[in-house]
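One file, my_file-v3.csv, is given below (CSV, C-alpha atoms and all ligand atoms).
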chain,number,residue,atom,x,y,z
V,177,MET,CA,-8.3,21.1,25.5
V,178,LYS,CA,-6.2,20.5,22.4
V,179,ARG,CA,-7.4,18.3,19.6
V,180,VAL,CA,-5.7,16.1,17.1
V,181,MET,CA,-7.6,14.5,14.2
V,182,ILE,CA,-6.6,11.1,12.7
V,183,VAL,CA,-7.3,10.4,9.0
V,184,THR,CA,-6.7,7.1,7.3
V,185,GLY,CA,-6.6,7.5,3.5
V,186,GLY,CA,-5.9,5.5,0.4
V,187,GLY,CA,-6.1,1.7,0.2
V,188,ASP,CA,-6.5,-0.1,3.5
V,189,CYS,CA,-3.5,-1.9,5.0
V,190,PRO,CA,-3.0,-4.3,7.9
V,191,GLY,CA,-1.7,-2.3,10.9
V,192,LEU,CA,-3.8,0.9,10.4
V,193,ASN,CA,-5.8,0.2,13.6
V,194,ALA,CA,-2.6,-0.4,15.6
V,195,VAL,CA,-1.4,3.1,14.5
V,196,ILE,CA,-4.7,4.6,15.6
V,197,ARG,CA,-4.6,2.9,19.0
V,198,ALA,CA,-1.0,3.9,19.5
V,199,VAL,CA,-1.8,7.6,18.8
V,200,VAL,CA,-4.7,7.5,21.2
V,201,ASN,CA,-2.9,5.6,24.0
V,202,ARG,CA,0.1,8.0,23.8
V,203,ALA,CA,-2.2,11.1,23.7
V,204,SER,CA,-4.1,9.9,26.7
V,205,GLN,CA,-1.0,10.3,28.8
V,206,GLU,CA,-1.2,14.0,28.2
V,207,LYS,CA,-3.9,15.7,30.3
V,208,ASP,CA,-4.9,18.3,27.7
V,209,TRP,CA,-5.2,16.3,24.5
V,210,GLU,CA,-8.2,14.8,22.8
V,211,VAL,CA,-8.1,12.6,19.7
V,212,VAL,CA,-10.9,12.5,17.1
V,213,GLY,CA,-11.1,10.6,13.8
V,214,SER,CA,-12.5,11.6,10.5
V,215,ILE,CA,-14.6,8.9,8.9
V,216,GLU,CA,-13.5,7.7,5.4
V,217,ALA,CA,-10.3,9.8,5.1
V,218,PHE,CA,-11.0,13.5,4.8
V,219,ASN,CA,-14.6,12.9,3.7
V,220,GLY,CA,-15.8,12.9,7.3
V,221,ILE,CA,-14.6,16.4,7.9
V,222,LEU,CA,-15.8,17.6,4.5
V,223,ARG,CA,-19.3,16.1,4.7
V,224,GLU,CA,-22.3,17.9,6.1
V,225,PRO,CA,-23.2,16.9,8.7
V,226,THR,CA,-19.6,16.3,9.7
V,227,GLU,CA,-18.6,12.7,10.5
V,228,LEU,CA,-16.1,12.7,13.3
V,229,VAL,CA,-15.7,10.2,16.1
V,230,VAL,CA,-14.1,10.8,19.5
V,231,LEU,CA,-11.3,8.3,20.0
V,232,ASP,CA,-10.5,7.5,23.6
V,233,GLU,CA,-8.8,4.5,25.1
V,234,ASN,CA,-12.1,2.7,25.3
V,235,ALA,CA,-12.7,3.2,21.6
V,236,VAL,CA,-9.4,1.7,20.6
V,237,LYS,CA,-9.2,-1.1,23.1
V,238,GLY,CA,-7.9,-4.3,21.5
V,239,ILE,CA,-8.0,-3.0,17.9
V,240,HIS,CA,-4.3,-3.5,17.3
V,241,TYR,CA,-4.7,-6.9,15.8
V,242,GLN,CA,-7.8,-6.1,13.7
V,243,GLY,CA,-7.3,-5.6,9.9
V,244,GLY,CA,-8.8,-2.7,8.0
V,245,THR,CA,-9.4,0.6,9.7
V,246,ILE,CA,-12.1,1.5,12.2
V,247,LEU,CA,-12.2,4.9,10.6
V,248,GLN,CA,-12.8,3.5,7.1
V,249,THR,CA,-10.9,4.9,4.1
V,250,THR,CA,-11.2,5.8,0.5
V,251,ASN,CA,-8.8,6.3,-2.4
V,252,LYS,CA,-11.3,8.5,-4.3
V,253,GLY,CA,-11.5,12.3,-4.3
V,254,GLY,CA,-10.2,14.2,-1.3
V,255,PRO,CA,-10.1,17.9,-0.3
V,256,PHE,CA,-8.4,19.0,-3.6
V,257,SER,CA,-10.6,17.0,-5.9
V,258,TRP,CA,-14.0,16.5,-4.4
V,259,PRO,CA,-16.2,14.8,-6.9
V,260,ILE,CA,-19.4,16.6,-7.9
V,261,LYS,CA,-22.2,15.2,-10.1
V,262,GLU,CA,-23.3,17.7,-12.8
V,263,LYS,CA,-26.9,18.1,-13.9
V,264,ASP,CA,-26.2,16.2,-17.1
V,265,GLY,CA,-24.9,13.2,-15.0
V,266,THR,CA,-21.2,13.7,-15.7
V,267,TRP,CA,-18.7,14.1,-12.8
V,268,THR,CA,-16.3,17.0,-12.2
V,269,THR,CA,-14.1,17.8,-9.2
V,270,VAL,CA,-13.8,20.9,-7.0
V,271,ASP,CA,-11.0,22.1,-4.7
V,272,ARG,CA,-12.5,22.2,-1.1
V,273,SER,CA,-9.2,22.4,0.7
V,274,ASP,CA,-9.6,26.0,1.9
V,275,GLU,CA,-13.1,25.3,3.2
V,276,MET,CA,-11.8,22.2,4.9
V,277,ILE,CA,-9.0,24.0,6.7
V,278,ARG,CA,-11.5,26.7,7.9
V,279,LYS,CA,-13.7,23.9,9.2
V,280,ILE,CA,-10.8,22.2,11.0
V,281,ASN,CA,-9.9,25.5,12.7
V,282,TYR,CA,-13.5,26.2,13.6
V,283,LEU,CA,-13.8,22.8,15.2
V,284,GLY,CA,-10.7,23.6,17.4
V,285,ILE,CA,-8.6,20.9,15.8
V,286,ASP,CA,-4.9,21.8,16.4
V,287,ALA,CA,-3.2,19.1,14.2
V,288,VAL,CA,-3.9,16.3,11.8
V,289,ILE,CA,-2.2,12.9,11.6
V,290,ASN,CA,-2.7,11.6,8.1
V,291,ILE,CA,-1.9,7.9,7.7
V,292,GLY,CA,-1.5,7.0,4.1
V,293,GLY,CA,0.7,6.2,1.1
V,294,ASP,CA,2.3,8.6,-1.4
V,295,GLY,CA,-1.0,10.0,-2.7
V,296,SER,CA,-2.1,10.8,0.8
V,297,GLN,CA,1.2,12.3,1.8
V,298,ARG,CA,1.0,14.6,-1.3
V,299,ILE,CA,-2.3,15.8,0.1
V,300,SER,CA,-0.6,16.2,3.5
V,301,GLN,CA,2.2,18.4,1.9
V,302,ALA,CA,-0.3,20.5,0.0
V,303,LEU,CA,-2.4,21.1,3.1
V,304,PHE,CA,0.8,21.9,5.1
V,305,GLU,CA,1.7,24.5,2.5
V,306,LYS,CA,-1.7,26.0,3.1
V,307,GLY,CA,-1.0,26.3,6.8
V,308,LEU,CA,-2.5,23.1,8.2
V,309,ASN,CA,-0.5,21.4,11.0
V,310,VAL,CA,0.0,18.0,9.5
V,311,VAL,CA,2.1,14.9,10.5
V,312,GLY,CA,2.1,12.0,8.0
V,313,VAL,CA,2.4,8.3,8.8
V,314,PRO,CA,3.5,6.1,5.9
V,315,LYS,CA,1.3,3.3,4.9
V,316,THR,CA,1.5,0.9,1.9
V,317,ILE,CA,1.5,-2.9,1.5
V,318,ASP,CA,3.6,-2.2,-1.7
V,319,ASN,CA,6.5,-0.8,0.4
V,320,ASP,CA,7.1,1.8,-2.3
V,321,LEU,CA,8.0,4.8,-0.2
V,322,SER,CA,11.7,5.5,-0.2
V,323,ALA,CA,11.8,7.8,2.9
V,324,THR,CA,11.3,4.8,5.3
V,325,ASP,CA,13.1,1.5,5.5
V,326,SER,CA,9.7,-0.2,5.5
V,327,THR,CA,6.0,0.3,6.0
V,328,PHE,CA,3.6,-1.7,8.1
V,329,GLY,CA,1.3,-4.0,6.1
V,330,PHE,CA,4.1,-5.1,3.8
V,331,GLN,CA,5.2,-8.0,5.9
V,332,THR,CA,1.6,-9.2,6.3
V,333,ALA,CA,1.1,-9.0,2.5
V,334,VAL,CA,4.4,-11.0,2.0
V,335,GLU,CA,3.2,-13.7,4.5
V,336,ILE,CA,-0.1,-14.0,2.7
V,337,ALA,CA,1.6,-14.2,-0.7
V,338,THR,CA,4.2,-16.7,0.5
V,339,ASP,CA,1.5,-18.9,2.0
V,340,ALA,CA,-0.1,-18.8,-1.5
V,341,VAL,CA,3.2,-19.8,-3.2
V,342,ASP,CA,3.6,-22.7,-0.7
V,343,LYS,CA,0.1,-24.0,-1.5
V,344,LEU,CA,0.6,-23.6,-5.2
V,345,VAL,CA,3.9,-25.5,-5.1
V,346,THR,CA,2.2,-28.7,-3.9
V,347,THR,CA,-0.6,-28.5,-6.5
V,348,ALA,CA,1.8,-27.6,-9.3
V,349,ALA,CA,4.1,-30.6,-8.3
V,350,SER,CA,1.1,-33.0,-8.2
V,351,HIS,CA,0.0,-32.0,-11.7
V,352,ASN,CA,3.3,-31.2,-13.5
V,353,ARG,CA,2.0,-27.7,-14.1
V,354,VAL,CA,3.2,-24.2,-14.7
V,355,GLN,CA,1.5,-22.3,-11.9
V,356,ILE,CA,1.3,-18.5,-12.1
V,357,LEU,CA,0.6,-16.4,-9.0
V,358,GLU,CA,-0.2,-12.7,-9.5
V,359,VAL,CA,0.4,-10.6,-6.5
V,360,MET,CA,-0.1,-6.8,-5.8
V,361,GLY,CA,2.6,-4.2,-6.6
V,362,ARG,CA,1.6,-1.4,-8.9
V,363,ASP,CA,5.0,0.2,-9.5
V,364,ALA,CA,7.2,-1.7,-7.1
V,365,GLY,CA,7.7,-5.5,-7.1
V,366,TRP,CA,8.7,-5.9,-3.4
V,367,ILE,CA,5.8,-8.3,-2.5
V,368,ALA,CA,6.6,-10.5,-5.6
V,369,LEU,CA,10.3,-10.5,-4.9
V,370,HIS,CA,10.0,-11.4,-1.2
V,371,SER,CA,7.4,-14.0,-1.7
V,372,ALA,CA,9.2,-15.6,-4.6
V,373,VAL,CA,12.4,-15.9,-2.6
V,374,ALA,CA,10.5,-17.1,0.6
V,375,GLY,CA,8.3,-19.5,-1.3
V,376,GLY,CA,11.0,-20.9,-3.6
V,377,ALA,CA,9.4,-19.8,-6.9
V,378,GLU,CA,11.5,-20.3,-10.0
V,379,VAL,CA,10.4,-17.2,-11.9
V,380,CYS,CA,9.7,-13.7,-10.6
V,381,LEU,CA,8.5,-10.9,-12.8
V,382,LEU,CA,8.4,-7.4,-11.6
V,383,PRO,CA,7.1,-4.0,-12.8
V,384,GLU,CA,10.6,-2.6,-12.7
V,385,PHE,CA,12.0,-5.1,-15.3
V,386,PRO,CA,9.9,-5.8,-18.4
V,387,TYR,CA,10.1,-9.5,-19.1
V,388,ASP,CA,11.1,-11.3,-22.2
V,389,ILE,CA,8.8,-14.3,-22.7
V,390,ASN,CA,11.6,-16.3,-24.3
V,391,LYS,CA,13.6,-16.1,-21.1
V,392,VAL,CA,10.6,-17.4,-19.2
V,393,MET,CA,10.2,-20.2,-21.7
V,394,GLU,CA,13.9,-21.2,-21.3
V,395,LYS,CA,13.5,-21.5,-17.6
V,396,ILE,CA,10.3,-23.6,-18.0
V,397,ASP,CA,12.1,-25.9,-20.5
V,398,SER,CA,15.0,-26.4,-18.0
V,399,ARG,CA,12.5,-27.5,-15.3
V,400,PHE,CA,10.6,-30.0,-17.3
V,401,ASN,CA,12.0,-33.4,-18.4
V,402,LYS,CA,9.9,-35.3,-21.0
V,403,GLY,CA,6.8,-33.3,-19.9
V,404,ARG,CA,7.3,-34.0,-16.2
V,405,GLY,CA,8.3,-31.3,-13.7
V,406,PHE,CA,6.6,-28.2,-12.4
V,407,ILE,CA,7.3,-24.5,-12.1
V,408,ASN,CA,6.0,-21.7,-10.0
V,409,ILE,CA,5.9,-18.1,-11.3
V,410,VAL,CA,5.2,-15.1,-9.2
V,411,ILE,CA,4.3,-11.9,-11.1
V,412,SER,CA,3.4,-8.4,-9.9
V,413,GLU,CA,0.1,-7.0,-11.1
V,414,GLY,CA,2.1,-4.0,-12.5
V,415,ALA,CA,4.6,-6.2,-14.5
V,416,ARG,CA,4.7,-5.8,-18.3
V,417,ASN,CA,6.5,-7.6,-21.1
V,418,ILE,CA,9.3,-6.0,-23.2
V,419,ASN,CA,6.7,-4.7,-25.7
V,420,GLY,CA,5.3,-2.7,-22.9
V,421,ASN,CA,1.9,-4.5,-22.7
V,422,TYR,CA,0.5,-4.5,-19.2
V,423,VAL,CA,-3.0,-5.2,-18.1
V,424,ALA,CA,-5.2,-2.4,-16.6
V,425,ARG,CA,-8.7,-1.2,-17.0
V,426,GLU,CA,-10.2,2.3,-16.5
V,427,SER,CA,-12.2,2.8,-13.4
V,428,ASN,CA,-15.7,4.3,-13.7
V,429,GLU,CA,-15.7,5.3,-10.0
V,430,PRO,CA,-15.9,9.1,-9.6
V,431,GLY,CA,-12.7,10.5,-8.1
V,432,TYR,CA,-10.7,7.4,-8.6
V,433,ASN,CA,-7.6,8.4,-10.5
V,434,ASN,CA,-5.7,5.1,-10.8
V,435,ARG,CA,-6.2,2.5,-13.4
V,436,ILE,CA,-7.3,-0.8,-11.9
V,437,LEU,CA,-4.6,-3.4,-12.3
V,438,GLY,CA,-5.2,-7.1,-12.4
V,439,GLY,CA,-5.0,-9.8,-15.0
V,440,ILE,CA,-1.3,-9.8,-16.1
V,441,GLY,CA,-1.1,-13.4,-14.9
V,442,PHE,CA,-3.7,-14.4,-17.5
V,443,GLN,CA,-1.9,-12.4,-20.1
V,444,LEU,CA,1.4,-14.3,-19.2
V,445,GLU,CA,-0.5,-17.6,-19.5
V,446,GLN,CA,-1.6,-16.6,-23.0
V,447,GLU,CA,1.9,-15.4,-24.0
V,448,LEU,CA,3.4,-18.7,-22.9
V,449,LYS,CA,0.9,-20.7,-24.9
V,450,GLU,CA,1.6,-18.5,-28.0
V,451,ALA,CA,5.3,-19.0,-27.4
V,452,GLY,CA,4.8,-22.8,-27.6
V,453,CYS,CA,4.4,-23.9,-24.0
V,454,GLU,CA,2.5,-27.2,-24.1
V,455,HIS,CA,2.4,-27.8,-20.4
V,456,SER,CA,-0.7,-27.3,-18.4
V,457,ILE,CA,-0.9,-23.8,-17.0
V,458,ARG,CA,-3.1,-22.4,-14.2
V,459,THR,CA,-3.2,-18.8,-12.9
V,460,THR,CA,-4.2,-17.5,-9.5
V,461,VAL,CA,-4.8,-13.8,-8.8
V,462,LEU,CA,-4.4,-13.1,-5.1
V,463,GLY,CA,-5.8,-9.6,-5.2
V,464,HIS,CA,-7.2,-8.0,-2.1
V,465,LEU,CA,-6.7,-11.0,0.1
V,466,GLN,CA,-3.2,-9.5,0.6
V,467,ARG,CA,-4.7,-6.4,2.2
V,468,GLY,CA,-7.1,-8.1,4.5
V,469,GLY,CA,-7.0,-9.9,7.8
V,470,VAL,CA,-4.9,-9.5,10.9
V,471,PRO,CA,-1.5,-7.9,10.7
V,472,VAL,CA,1.5,-10.0,11.6
V,473,ALA,CA,3.4,-9.1,14.8
V,474,TYR,CA,6.1,-7.2,12.9
V,475,ASP,CA,3.5,-4.9,11.3
V,476,ARG,CA,1.7,-4.4,14.6
V,477,VAL,CA,5.0,-3.4,16.2
V,478,LEU,CA,6.0,-1.0,13.4
V,479,ALA,CA,2.5,0.5,13.3
V,480,SER,CA,2.6,1.0,17.1
V,481,GLN,CA,6.0,2.7,16.9
V,482,PHE,CA,4.7,5.0,14.1
V,483,GLY,CA,1.6,5.9,16.1
V,484,VAL,CA,3.5,6.9,19.2
V,485,LYS,CA,6.1,8.8,17.2
V,486,ALA,CA,3.4,10.6,15.2
V,487,PHE,CA,1.8,12.0,18.3
V,488,GLU,CA,5.1,13.0,19.8
V,489,LEU,CA,5.8,15.0,16.6
V,490,VAL,CA,2.5,16.7,17.2
V,491,LEU,CA,3.5,17.5,20.8
V,492,GLU,CA,6.8,18.9,19.5
V,493,GLU,CA,5.0,20.8,16.8
V,494,LYS,CA,7.2,19.3,14.1
V,495,TYR,CA,4.6,19.8,11.4
V,496,GLY,CA,5.1,19.1,7.7
V,497,THR,CA,6.9,15.9,8.6
V,498,MET,CA,6.3,12.2,8.1
V,499,VAL,CA,7.3,9.4,10.6
V,500,SER,CA,10.0,7.2,9.2
V,501,TYR,CA,11.8,4.0,10.2
V,502,ARG,CA,15.5,4.2,9.6
V,503,HIS,CA,17.0,1.2,11.3
V,504,PRO,CA,17.4,1.1,14.3
V,505,ARG,CA,15.5,4.4,14.9
V,506,ILE,CA,12.0,5.6,14.5
V,507,THR,CA,12.6,9.1,13.2
V,508,TYR,CA,11.0,11.6,10.8
V,509,VAL,CA,11.6,13.2,7.4
V,510,THR,CA,10.0,16.3,5.8
V,511,LEU,CA,6.8,15.5,3.8
V,512,LYS,CA,8.6,17.0,0.8
V,513,GLU,CA,11.4,14.4,1.1
V,514,ALA,CA,8.8,11.7,1.7
V,515,ILE,CA,7.1,12.2,-1.6
V,516,GLN,CA,10.2,12.9,-3.7
V,517,LYS,CA,10.9,9.4,-5.2
V,518,PRO,CA,9.4,6.0,-4.9
V,519,ASN,CA,11.1,2.9,-3.5
V,520,LEU,CA,11.6,0.6,-6.4
V,521,VAL,CA,13.5,-2.6,-6.9
V,522,THR,CA,16.8,-2.1,-8.6
V,523,TRP,CA,19.7,-4.3,-9.7
V,524,ASP,CA,21.6,-3.1,-6.7
V,525,THR,CA,18.9,-4.3,-4.3
V,526,ALA,CA,20.4,-6.9,-2.0
V,527,LEU,CA,17.5,-9.3,-2.4
V,528,MET,CA,17.8,-9.1,-6.2
V,529,LYS,CA,21.3,-10.4,-5.9
V,530,THR,CA,20.0,-13.2,-3.6
V,531,ALA,CA,17.3,-14.0,-6.2
V,532,LEU,CA,19.8,-14.2,-9.0
V,533,GLY,CA,22.1,-16.3,-6.7
V,534,LEU,CA,19.2,-18.7,-6.2
V,535,GLY,CA,18.8,-19.0,-9.9
V,536,ILE,CA,15.4,-17.3,-10.0
V,537,CYS,CA,14.6,-16.2,-13.5
V,538,LEU,CA,13.6,-12.5,-13.6
V,539,GLY,CA,12.6,-12.6,-17.2
V,540,VAL,CA,15.5,-10.5,-18.5
Z,1,LIG,O1,-1.2,0.8,-3.6
Z,1,LIG,C1,-1.5,-0.4,-3.0
Z,1,LIG,C2,-2.3,-1.3,-3.8
Z,1,LIG,O2,-2.4,-2.5,-3.1
Z,1,LIG,C3,-1.8,-1.6,-5.2
Z,1,LIG,O3,-0.9,-2.7,-5.3
Z,1,LIG,C4,-3.0,-2.0,-6.0
Z,1,LIG,O4,-2.9,-1.8,-7.4
Z,1,LIG,C5,-4.0,-1.0,-5.4
Z,1,LIG,O5,-3.6,-0.8,-4.0
Z,1,LIG,C6,-5.4,-1.4,-5.5
Z,1,LIG,O6,-6.2,-0.6,-4.7
Z,1,LIG,P1,-7.8,-0.5,-4.7
Z,1,LIG,O7,-8.3,-1.8,-5.3
Z,1,LIG,O8,-8.2,-0.3,-3.3
Z,1,LIG,O9,-8.1,0.7,-5.6
Write out the structure in this file as structure tokens.
Amino acid sequence: MKRVMIVTGGGDCPGLNAVIRAVVNRASQEKDWEVVGSIEAFNGILREPTELVVLDENAVKGIHYQGGTILQTTNKGGPFSWPIKEKDGTWTTVDRSDEMIRKINYLGIDAVINIGGDGSQRISQALFEKGLNVVGVPKTIDNDLSATDSTFGFQTAVEIATDAVDKLVTTAASHNRVQILEVMGRDAGWIALHSAVAGGAEVCLLPEFPYDINKVMEKIDSRFNKGRGFINIVISEGARNINGNYVARESNEPGYNNRILGGIGFQLEQELKEAGCEHSIRTTVLGHLQRGGVPVAYDRVLASQFGVKAFELVLEEKYGTMVSYRHPRITYVTLKEAIQKPNLVTWDTALMKTALGLGICLGV
């Protein structure tokens, strides 16, 4: 019997379960393959006792529309930086990658399918360089991987953000308000850009283009007549003003290497007041609502395509690769290519031109 282990790592994302189900259903068509899952990314295989689950058709029945991941996930630690508590209470990390690969071999696991974003695929590449048979599956609601046209979870996040804009428009119009919506997007503003266009927001502020508060004020002034009017602003959590101030706090979670974003919407509110905005302003931070709940059909389809393809890459022993969508094909790239550069919004982006054509203010 051959064995493939599925790992879901990094932040969760609608569609992860559809990938897991697709891998299992495709593998079950081969007589000699068994699928197992490591609980909470690589932690399951690293822990003693080991936390692995057998994934057969029964285990994945009907999970394609469920949010989250039945395998659980984490964006802390990992095989190269396993957090350890010292006697004095401080935390340090150790590299357990060699030990983990030995354990994977000992357990008769022939290949690993690692479903995750850029951080997880960096781990995939490093493990591949150490001899592990790895296939990556891209995952991120931020859609910030350049080696694939899109990632599952993104469309679901855009739907949720657009629904929020739609709702905020009616309350903003009723109160003659400036309504700010902060959405996710650490380095890439795709969720903000798509939901601003789809929801008809007048201002959209992205991490890629530091905003000038005066430009935002000009747009607000043009929308209000004698104090009446309203305006909807969508801002990415990773946005910053031209002075470079963005909002983040350090995490005290051991093994968590990112800064926690969130709150730029409130900073913008403050900046607008300081710049002389006298209208009523309200701010909503959408946060993790964008990562929860059922995936939209598009994401379930893409996730299913990725899962089937990932197992087929295992069958073909095309290791060191990541599944990729290049319209109209589901194909693959090397992991090295996959982690080379992020997918960021640029002035050349077709949707940016649309946004400008619609008169959306980008704060520049
Ligand atoms: O990377 C995806 C993302 O959704 C970012 O937009 C956000 O900053 C981050 O995850 C938050 O992740 P968590 O709260 O799980 O650490």
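When all atoms listed in the file are used to compute distances to Thr510 of chain V, the closest of the residues V:Ala374, V:Val313, V:Val236, V:Ala451 turns out to be V:Val313.
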At a cut-off of 8 Å around ligand LIG 1 (chain Z), and using all atoms listed in the file, what residues come up? Please write them as a ChimeraX atom specification.
/V:186-188,250-251,293,316-318,360-363,413-414,432,434,436-438,464,466-467
Mind dumping the selected residues with C-alpha atoms as an mmCIF file, keeping the file's coordinate frame?
data_model
loop_
_atom_site.group_PDB
_atom_site.id
_atom_site.type_symbol
_atom_site.label_atom_id
_atom_site.label_comp_id
_atom_site.auth_asym_id
_atom_site.auth_seq_id
_atom_site.Cartn_x
_atom_site.Cartn_y
_atom_site.Cartn_z
ATOM 1 C CA GLY V 186 -5.900 5.500 0.400
ATOM 2 C CA GLY V 187 -6.100 1.700 0.200
ATOM 3 C CA ASP V 188 -6.500 -0.100 3.500
ATOM 4 C CA THR V 250 -11.200 5.800 0.500
ATOM 5 C CA ASN V 251 -8.800 6.300 -2.400
ATOM 6 C CA GLY V 293 0.700 6.200 1.100
ATOM 7 C CA THR V 316 1.500 0.900 1.900
ATOM 8 C CA ILE V 317 1.500 -2.900 1.500
ATOM 9 C CA ASP V 318 3.600 -2.200 -1.700
ATOM 10 C CA MET V 360 -0.100 -6.800 -5.800
ATOM 11 C CA GLY V 361 2.600 -4.200 -6.600
ATOM 12 C CA ARG V 362 1.600 -1.400 -8.900
ATOM 13 C CA ASP V 363 5.000 0.200 -9.500
ATOM 14 C CA GLU V 413 0.100 -7.000 -11.100
ATOM 15 C CA GLY V 414 2.100 -4.000 -12.500
ATOM 16 C CA TYR V 432 -10.700 7.400 -8.600
ATOM 17 C CA ASN V 434 -5.700 5.100 -10.800
ATOM 18 C CA ILE V 436 -7.300 -0.800 -11.900
ATOM 19 C CA LEU V 437 -4.600 -3.400 -12.300
ATOM 20 C CA GLY V 438 -5.200 -7.100 -12.400
ATOM 21 C CA HIS V 464 -7.200 -8.000 -2.100
ATOM 22 C CA GLN V 466 -3.200 -9.500 0.600
ATOM 23 C CA ARG V 467 -4.700 -6.400 2.200
#
Tell me, as a list in words, which residues lie within 6 Å of Ser214 of chain V, counting all atoms listed in the file; anything in the same chain fewer than 3 positions away does not count.
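Near neighbours after the sequence-gap exclusion: Val183, Gly220, Ile221 and Leu228 of chain V.
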Here's a test: counting all atoms listed in the file, identify every protein, DNA and RNA residue with an atom at most 10 Å from (-4.4, -20.9, -19.4) in the file's coordinate frame, and state them as a PyMOL selection string.
chain V and resi 354-356+441-449+455-459
Just write the chosen residues, C-alpha atoms, as an mmCIF file, in the coordinates of the input.
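Output saved as result_10.cif:
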data_model
loop_
_atom_site.group_PDB
_atom_site.id
_atom_site.type_symbol
_atom_site.label_atom_id
_atom_site.label_comp_id
_atom_site.auth_asym_id
_atom_site.auth_seq_id
_atom_site.Cartn_x
_atom_site.Cartn_y
_atom_site.Cartn_z
ATOM 1 C CA VAL V 354 3.200 -24.200 -14.700
ATOM 2 C CA GLN V 355 1.500 -22.300 -11.900
ATOM 3 C CA ILE V 356 1.300 -18.500 -12.100
ATOM 4 C CA GLY V 441 -1.100 -13.400 -14.900
ATOM 5 C CA PHE V 442 -3.700 -14.400 -17.500
ATOM 6 C CA GLN V 443 -1.900 -12.400 -20.100
ATOM 7 C CA LEU V 444 1.400 -14.300 -19.200
ATOM 8 C CA GLU V 445 -0.500 -17.600 -19.500
ATOM 9 C CA GLN V 446 -1.600 -16.600 -23.000
ATOM 10 C CA GLU V 447 1.900 -15.400 -24.000
ATOM 11 C CA LEU V 448 3.400 -18.700 -22.900
ATOM 12 C CA LYS V 449 0.900 -20.700 -24.900
ATOM 13 C CA HIS V 455 2.400 -27.800 -20.400
ATOM 14 C CA SER V 456 -0.700 -27.300 -18.400
ATOM 15 C CA ILE V 457 -0.900 -23.800 -17.000
ATOM 16 C CA ARG V 458 -3.100 -22.400 -14.200
ATOM 17 C CA THR V 459 -3.200 -18.800 -12.900
#
In terms of only C-alpha atoms, the residue from V:Gly284, V:Gly191, V:Gly253, V:Gly496 at minimal distance from Lys178 of chain V is V:Gly284
Best match for closeness to Val180 of chain V among V:Ile506, V:Val212, V:Val392, V:Leu532, counting only C-alpha atoms
V:Val212
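When only C-alpha atoms are used to compute distances to Thr525 of chain V, the closest of the residues V:Gly244, V:Gly365, V:Gly329, V:Gly376 turns out to be V:Gly365.
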Just to confirm, what's the straight-line distance from atom CA of Gly439 of chain V to atom CA of Ile409 of chain V in Å (one decimal)?
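Distance between the two atoms: 14.2 Å.
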In Å, with one decimal, what is the gap from atom CA of Ala194 of chain V to atom CA of Phe218 of chain V?
19.5 Å
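Distances here use all atoms listed in the file; by that measure, the residue among V:Leu520, V:Ala486, V:Leu534, V:Ile389 closest to Ala287 of chain V is V:Ala486.
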For segment 341-345 of chain V: contacts at 7 Å, only C-alpha atoms, fewer than 3 positions along chain excluded, given as number ranges by chain:
V: 337-338, 348-349, 355, 375, 408
Expected file: the selected residues, C-alpha atoms, as a PDB file, keeping the file's coordinate frame:
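This is the output file result.pdb:
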ATOM      1  CA  ALA V 337       1.600 -14.200  -0.700  1.00  0.00           C
ATOM      2  CA  THR V 338       4.200 -16.700   0.500  1.00  0.00           C
ATOM      3  CA  ALA V 348       1.800 -27.600  -9.300  1.00  0.00           C
ATOM      4  CA  ALA V 349       4.100 -30.600  -8.300  1.00  0.00           C
ATOM      5  CA  GLN V 355       1.500 -22.300 -11.900  1.00  0.00           C
ATOM      6  CA  GLY V 375       8.300 -19.500  -1.300  1.00  0.00           C
ATOM      7  CA  ASN V 408       6.000 -21.700 -10.000  1.00  0.00           C
TER       8      ASN V 408
END
Which neighbours of Asn390 of chain V fall inside 12 Å, counting all atoms listed in the file, when residues of the same chain fewer than 2 positions from it are skipped, and could you give them as a compact mmCIF listing (two decimals) with C-alpha atoms, in the frame of the given file?
# COMPACT_ATOMS: atom_id res chain seq x y z
CA TYR V 387 10.10 -9.50 -19.10
CA ASP V 388 11.10 -11.30 -22.20
CA VAL V 392 10.60 -17.40 -19.20
CA MET V 393 10.20 -20.20 -21.70
CA GLU V 394 13.90 -21.20 -21.30
CA LYS V 395 13.50 -21.50 -17.60
CA ILE V 396 10.30 -23.60 -18.00
CA ASP V 397 12.10 -25.90 -20.50
CA ASN V 417 6.50 -7.60 -21.10
CA ILE V 418 9.30 -6.00 -23.20
CA LEU V 444 1.40 -14.30 -19.20
CA GLU V 447 1.90 -15.40 -24.00
CA LEU V 448 3.40 -18.70 -22.90
CA LYS V 449 0.90 -20.70 -24.90
CA GLU V 450 1.60 -18.50 -28.00
CA ALA V 451 5.30 -19.00 -27.40
CA GLY V 452 4.80 -22.80 -27.60
CA CYS V 453 4.40 -23.90 -24.00
CA CYS V 537 14.60 -16.20 -13.50
CA LEU V 538 13.60 -12.50 -13.60
CA GLY V 539 12.60 -12.60 -17.20
CA VAL V 540 15.50 -10.50 -18.50
Expressed in Å, the length from atom CA of Ala198 of chain V to atom CA of Ser480 of chain V is 5.2 Å
I'd like the contact shell of Leu491 of chain V - 12 Å cut-off, all atoms listed in the file, skipping same-chain residues fewer than 3 positions apart - returned as a ChimeraX atom specification.
/V:178-180,199,202-203,205-206,208-209,286-289,309-311,484-488,494-495
Residue nearest Ser326 of chain V - candidates V:Ile536, V:Ala479, V:Val230, V:Val270, atoms counted: all atoms listed in the file
V:Ala479
Spatial neighbours of Ile239 of chain V, max dist 10 Å, only C-alpha atoms, sep filter under 2 positions, as a list in words
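Skipping anything fewer than 2 positions along the chain leaves Gly191, Leu192, Asn193, Ala194, Val195, Ile196, Arg197, Ala198, Ala235, Val236, Lys237, Tyr241, Gln242, Gly243, Gly244, Thr245 and Ile246 of chain V.
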